[in-house]
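Engineer: The following block contains the structure, expressed as structure tokens.
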Amino acid sequence: MTNPGADSALTRTLSQIPRLRDVVELSKPVTWFPPMWAFMCGVVSSGVSLSENWVFLTAGIVLTGPAVCGTSQIINDWCDRHVDAINEPDRPIPSGRITGQWGMWLAFLGTALSLMLGASLGLWVFLATCLALFFGWSYSAPPFRFKRSGWIGPLVCALSYEGLSWFTGASVMSGGPPSTIILVILLLYSLGAHGIMTLNDFKAEEGDRQTGLRSLPVTLGVRNAALLACAVMALPQMAVIGVLFQQKLLLSAGLVGVSLLIQIGLMVRLVGNPRTLAPWYNATGVSLYVLGMLATALGLGGYI
């Protein structure tokens, strides 16, 4: 004899399974581009043939973008569902399109799949994947919840999005850890990306203030945070230019230098109205920043 109550409970559970398009939205595909770009910079900087390693190349792109970055976004949305109810009430969790504990279970599933894919690409890639996922969880979830700090939170994101992704790209292609010069470059670009992450905090300033998150726009004020972000973006790029000159990669150094000069001009406008112009700078200045990364990688890989 069937139990009508059990059947009803099962039906309700199945009816709450998230739709694929809501899961994809939860993973924020627009955020996949930075780590995938940094991964490609790592691939190019290794100087290893792309055509002979296309399987590893494709797997690495999936790992850094949809897998690790997408999982980190799901973790963040689950842990910040109360903040998103203020800042972005239309997101899948606060809007009710993803209900119950599904956000948490999707985060666990993404973590497991990312670890399996990372392990299939070698020891160094697996270690980088473990560290990236640790950052993804510790950024948003207790007990660390690094995002509460306007200093540590952006640094953790920058290291994950830029440094570890670049490291993964170089390691996937070479089968081992990157060279010392590549490590120096990826660390410099990671430090610069701290400023980019600070600019992203402007859109959530009001929600951060209400929920006690000490982002730099909240603690320093919007203008001071923008000035700091600009300095943090510019200084590491100057150091990159110095490293490239030392390695006699003059064309790459020149391209990064031109990119930086244009960025500085854009920064002058940004600090005049940072709250309004942060999205504009992300589309212009940050694009120049990542193009400089590619110019650097092409030089390191012997392409230019």
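Following the order of the structure tokens, first chain is A, next is B, and so on, with residues numbered from 1 inside each chain and ligands from 1 in the order they appear.
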Pull the alpha helix (DSSP H) assignments for region 45-290 of chain A out of DSSP run on the backbone, and list those residues as JSON, numbers by chain.
Structural biologist: {"A": [45, 46, 54, 55, 56, 57, 58, 59, 60, 61, 62, 70, 71, 72, 73, 74, 75, 76, 77, 78, 79, 81, 82, 83, 84, 85, 86, 87, 102, 103, 104, 105, 106, 107, 108, 109, 110, 111, 112, 113, 114, 115, 116, 117, 118, 119, 120, 123, 124, 125, 126, 127, 128, 129, 130, 131, 132, 133, 134, 135, 136, 137, 138, 139, 140, 152, 153, 154, 155, 156, 157, 158, 165, 166, 167, 168, 169, 170, 171, 172, 173, 174, 180, 181, 182, 183, 184, 185, 186, 187, 188, 189, 190, 191, 192, 193, 194, 195, 196, 197, 198, 199, 200, 205, 206, 207, 208, 209, 210, 211, 216, 217, 218, 219, 220, 222, 223, 224, 225, 226, 227, 228, 229, 230, 231, 232, 233, 234, 235, 236, 237, 238, 239, 240, 241, 242, 243, 244, 245, 246, 250, 251, 252, 253, 254, 255, 256, 257, 258, 259, 260, 261, 262, 263, 264, 265, 266, 267, 268, 269, 270, 274, 275, 276, 277, 278, 279, 280, 281, 282, 283, 284, 285, 286, 287, 288, 289, 290]}
Engineer: Tell me which protein, DNA and RNA residues are within 12 Å of Ser120 (chain A), counting only C-alpha atoms, leaving out same-chain ones fewer than 6 positions away, and put them as an MDAnalysis selection string.
Structural biologist: chainID A and resid 55:56 59:60 63 113:114 126:127 129 172 175
Engineer: Restricting the calculation to only C-alpha atoms: of A:Ile17, A:Leu250, A:Leu164, A:Leu227, which residue gets closest to Leu270 (chain A)?
Structural biologist: A:Leu227
Engineer: Write out as a ChimeraX atom specification the residues lying within 8 Å of Pro178 (chain A), counting only C-alpha atoms and excluding same-chain residues fewer than 6 positions away.
Structural biologist: /A:46,167,170-171
Engineer: Store the residues picked out above in a file with N, CA, C and O atoms, as a CSV table (one decimal), in the first residue's frame.
Structural biologist:
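Result file is out17.csv:
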```csv
chain,number,residue,atom,x,y,z
A,46,SER,N,54.0,29.7,-21.2
A,46,SER,CA,54.8,28.5,-21.1
A,46,SER,C,55.7,28.2,-22.4
A,46,SER,O,56.7,27.5,-22.3
A,167,PHE,N,49.0,30.2,-13.1
A,167,PHE,CA,49.8,29.1,-12.7
A,167,PHE,C,49.3,27.8,-13.3
A,167,PHE,O,50.1,26.9,-13.8
A,170,ALA,N,50.1,27.5,-17.1
A,170,ALA,CA,51.5,27.2,-17.3
A,170,ALA,C,51.8,25.7,-16.9
A,170,ALA,O,52.6,25.0,-17.6
A,171,SER,N,51.2,25.3,-15.8
A,171,SER,CA,51.5,23.9,-15.3
A,171,SER,C,50.9,22.8,-16.2
A,171,SER,O,51.4,21.8,-16.5
```
Engineer: Which residues, written as a CSV table (one decimal) with all heavy atoms, in the first residue's frame, have at least one atom at most 8 Å from region 141-146 of chain A, with only C-alpha atoms counted and residues fewer than 3 positions away on the same chain left out?
Structural biologist:
```
chain,number,residue,atom,x,y,z
A,75,ILE,N,29.1,29.3,-4.2
A,75,ILE,CA,29.4,29.4,-2.8
A,75,ILE,C,29.1,30.8,-2.3
A,75,ILE,O,28.4,31.0,-1.2
A,75,ILE,CB,30.8,29.1,-2.5
A,75,ILE,CG1,31.1,27.6,-2.9
A,75,ILE,CG2,31.2,29.3,-1.1
A,75,ILE,CD1,32.6,27.3,-2.9
A,76,ASN,N,29.5,31.8,-3.0
A,76,ASN,CA,29.3,33.2,-2.6
A,76,ASN,C,27.8,33.6,-2.5
A,76,ASN,O,27.4,34.2,-1.6
A,76,ASN,CB,30.1,34.1,-3.6
A,76,ASN,CG,30.0,35.6,-3.1
A,76,ASN,OD1,30.5,36.0,-2.1
A,76,ASN,ND2,29.3,36.4,-3.9
A,79,CYS,N,26.2,31.8,0.5
A,79,CYS,CA,26.6,32.5,1.8
A,79,CYS,C,26.1,33.9,1.9
A,79,CYS,O,26.0,34.4,3.1
A,79,CYS,CB,28.1,32.4,2.0
A,79,CYS,SG,28.8,30.7,2.1
A,137,TRP,N,35.9,28.9,-0.8
A,137,TRP,CA,35.0,28.7,0.4
A,137,TRP,C,35.4,29.7,1.5
A,137,TRP,O,34.5,30.2,2.1
A,137,TRP,CB,35.3,27.2,0.9
A,137,TRP,CG,34.5,26.2,0.1
A,137,TRP,CD1,34.9,25.4,-0.9
A,137,TRP,CD2,33.1,25.9,0.3
A,137,TRP,NE1,33.8,24.6,-1.4
A,137,TRP,CE2,32.7,24.9,-0.6
A,137,TRP,CE3,32.1,26.4,1.2
A,137,TRP,CZ2,31.4,24.4,-0.7
A,137,TRP,CZ3,30.8,25.8,1.1
A,137,TRP,CH2,30.5,24.8,0.2
A,138,SER,N,36.7,29.9,1.7
A,138,SER,CA,37.0,30.7,2.9
A,138,SER,C,36.7,32.2,2.6
A,138,SER,O,36.5,33.0,3.6
A,138,SER,CB,38.5,30.6,3.2
A,138,SER,OG,39.3,30.9,2.1
A,149,SER,N,36.8,41.5,5.2
A,149,SER,CA,38.0,42.5,5.1
A,149,SER,C,38.1,43.1,3.8
A,149,SER,O,38.2,42.3,2.8
A,149,SER,CB,39.3,41.8,5.6
A,149,SER,OG,40.4,42.6,5.3
A,152,ILE,N,41.9,41.7,2.8
A,152,ILE,CA,42.2,40.3,2.5
A,152,ILE,C,41.3,39.8,1.5
A,152,ILE,O,41.7,39.0,0.6
A,152,ILE,CB,42.1,39.5,3.8
A,152,ILE,CG1,43.1,40.0,4.9
A,152,ILE,CG2,42.3,38.0,3.6
A,152,ILE,CD1,42.9,39.3,6.2
A,153,GLY,N,40.0,40.2,1.5
A,153,GLY,CA,39.0,39.6,0.6
A,153,GLY,C,39.4,39.8,-0.9
A,153,GLY,O,39.5,38.9,-1.7
A,156,VAL,N,42.5,37.7,-1.8
A,156,VAL,CA,42.1,36.3,-2.1
A,156,VAL,C,41.5,36.1,-3.4
A,156,VAL,O,41.9,35.2,-4.2
A,156,VAL,CB,41.2,35.8,-0.9
A,156,VAL,CG1,40.5,34.5,-1.3
A,156,VAL,CG2,41.9,35.6,0.4
```
Engineer: When distances are computed from only C-alpha atoms, which of A:Ser160, A:Met267, A:Trp166, A:Gln16 shows the smallest separation from Trp280 (chain A)?
Structural biologist: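 Closest to Trp280 (chain A) of all the choices is A:Met267.
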Engineer: Which residues come within 9 Å of Met238 (chain A), counting only C-alpha atoms, excluding same-chain residues fewer than 5 positions away, as a PyMOL selection string?
Structural biologist: chain A and resi 243+256-257+260
Engineer: Let's have the selection written as a CSV table (one decimal), in the first residue's frame, with all heavy atoms.
Structural biologist:
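Written file, again.csv:
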```csv
chain,number,residue,atom,x,y,z
A,243,VAL,N,60.6,44.1,-15.0
A,243,VAL,CA,61.0,42.7,-15.2
A,243,VAL,C,61.2,42.3,-16.7
A,243,VAL,O,62.1,41.7,-17.1
A,243,VAL,CB,60.0,41.7,-14.6
A,243,VAL,CG1,60.3,40.3,-14.9
A,243,VAL,CG2,59.9,41.9,-13.1
A,256,VAL,N,53.0,47.0,-22.7
A,256,VAL,CA,52.5,47.1,-21.4
A,256,VAL,C,52.6,48.6,-20.9
A,256,VAL,O,51.7,49.1,-20.3
A,256,VAL,CB,53.2,46.2,-20.3
A,256,VAL,CG1,52.7,46.5,-18.9
A,256,VAL,CG2,53.0,44.7,-20.7
A,257,GLY,N,53.7,49.2,-21.3
A,257,GLY,CA,53.9,50.7,-20.9
A,257,GLY,C,52.8,51.5,-21.6
A,257,GLY,O,52.3,52.4,-20.9
A,260,LEU,N,49.5,51.0,-19.9
A,260,LEU,CA,49.5,51.6,-18.5
A,260,LEU,C,49.3,53.1,-18.6
A,260,LEU,O,48.5,53.7,-17.9
A,260,LEU,CB,50.8,51.3,-17.8
A,260,LEU,CG,50.9,51.9,-16.4
A,260,LEU,CD1,49.7,51.5,-15.5
A,260,LEU,CD2,52.2,51.6,-15.7
```
Engineer: May I have the residues within 7 Å of region 36-43 of chain A as a ChimeraX atom specification, using only C-alpha atoms and disregarding those fewer than 6 positions away in the same chain?
Structural biologist: /A:61,64-65,162,165-170,173,293-294,297
Engineer: Counting only C-alpha atoms, what is within 12 Å of Ser95 (chain A), bar same-chain residues fewer than 3 positions away, as a list in words?
Structural biologist: Asp22, Leu26, Asp77, Arg81, His82, Asp84, Ala85, Ile86, Asn87, Glu88, Pro89, Asp90, Arg91, Pro92, Ile98, Thr99 and Gly100 of chain A
Engineer: Measuring atom to atom with only C-alpha atoms, identify which of A:Ser215, A:Asp208, A:His194, A:Ser252 is nearest to Met233 (chain A).
Structural biologist: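 The answer is A:His194, which sits nearest to Met233 (chain A).
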Engineer: Report, in Å to a single decimal, how far apart CA of Ser190 (chain A) and CA of Gly103 (chain A) are.
Structural biologist: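 So the answer is 28.8 Å.
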Engineer: Would you mind telling me which residue in A:Pro217, A:Gly176, A:Gly150, A:Pro279 lies nearest to Leu121 (chain A) when using only C-alpha atoms?
Structural biologist: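 Closest candidate: A:Gly176.
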Engineer: Looking at A:Asn273, A:Leu235, A:Leu291, A:Trp54, which one is nearest to Val258 (chain A), with distances taken over only C-alpha atoms?
Structural biologist: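 That would be A:Leu291, the residue with the smallest distance to Val258 (chain A).
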Engineer: Given only C-alpha atoms as the basis, pick out the residue of A:Ile304, A:Cys157, A:Leu266, A:Leu57 nearest to Ser287 (chain A).
Structural biologist: A:Leu266
Engineer: Using Å and a single decimal, report how far CA of Lys147 (chain A) sits from CA of Thr198 (chain A).
Structural biologist: 11.0 Å
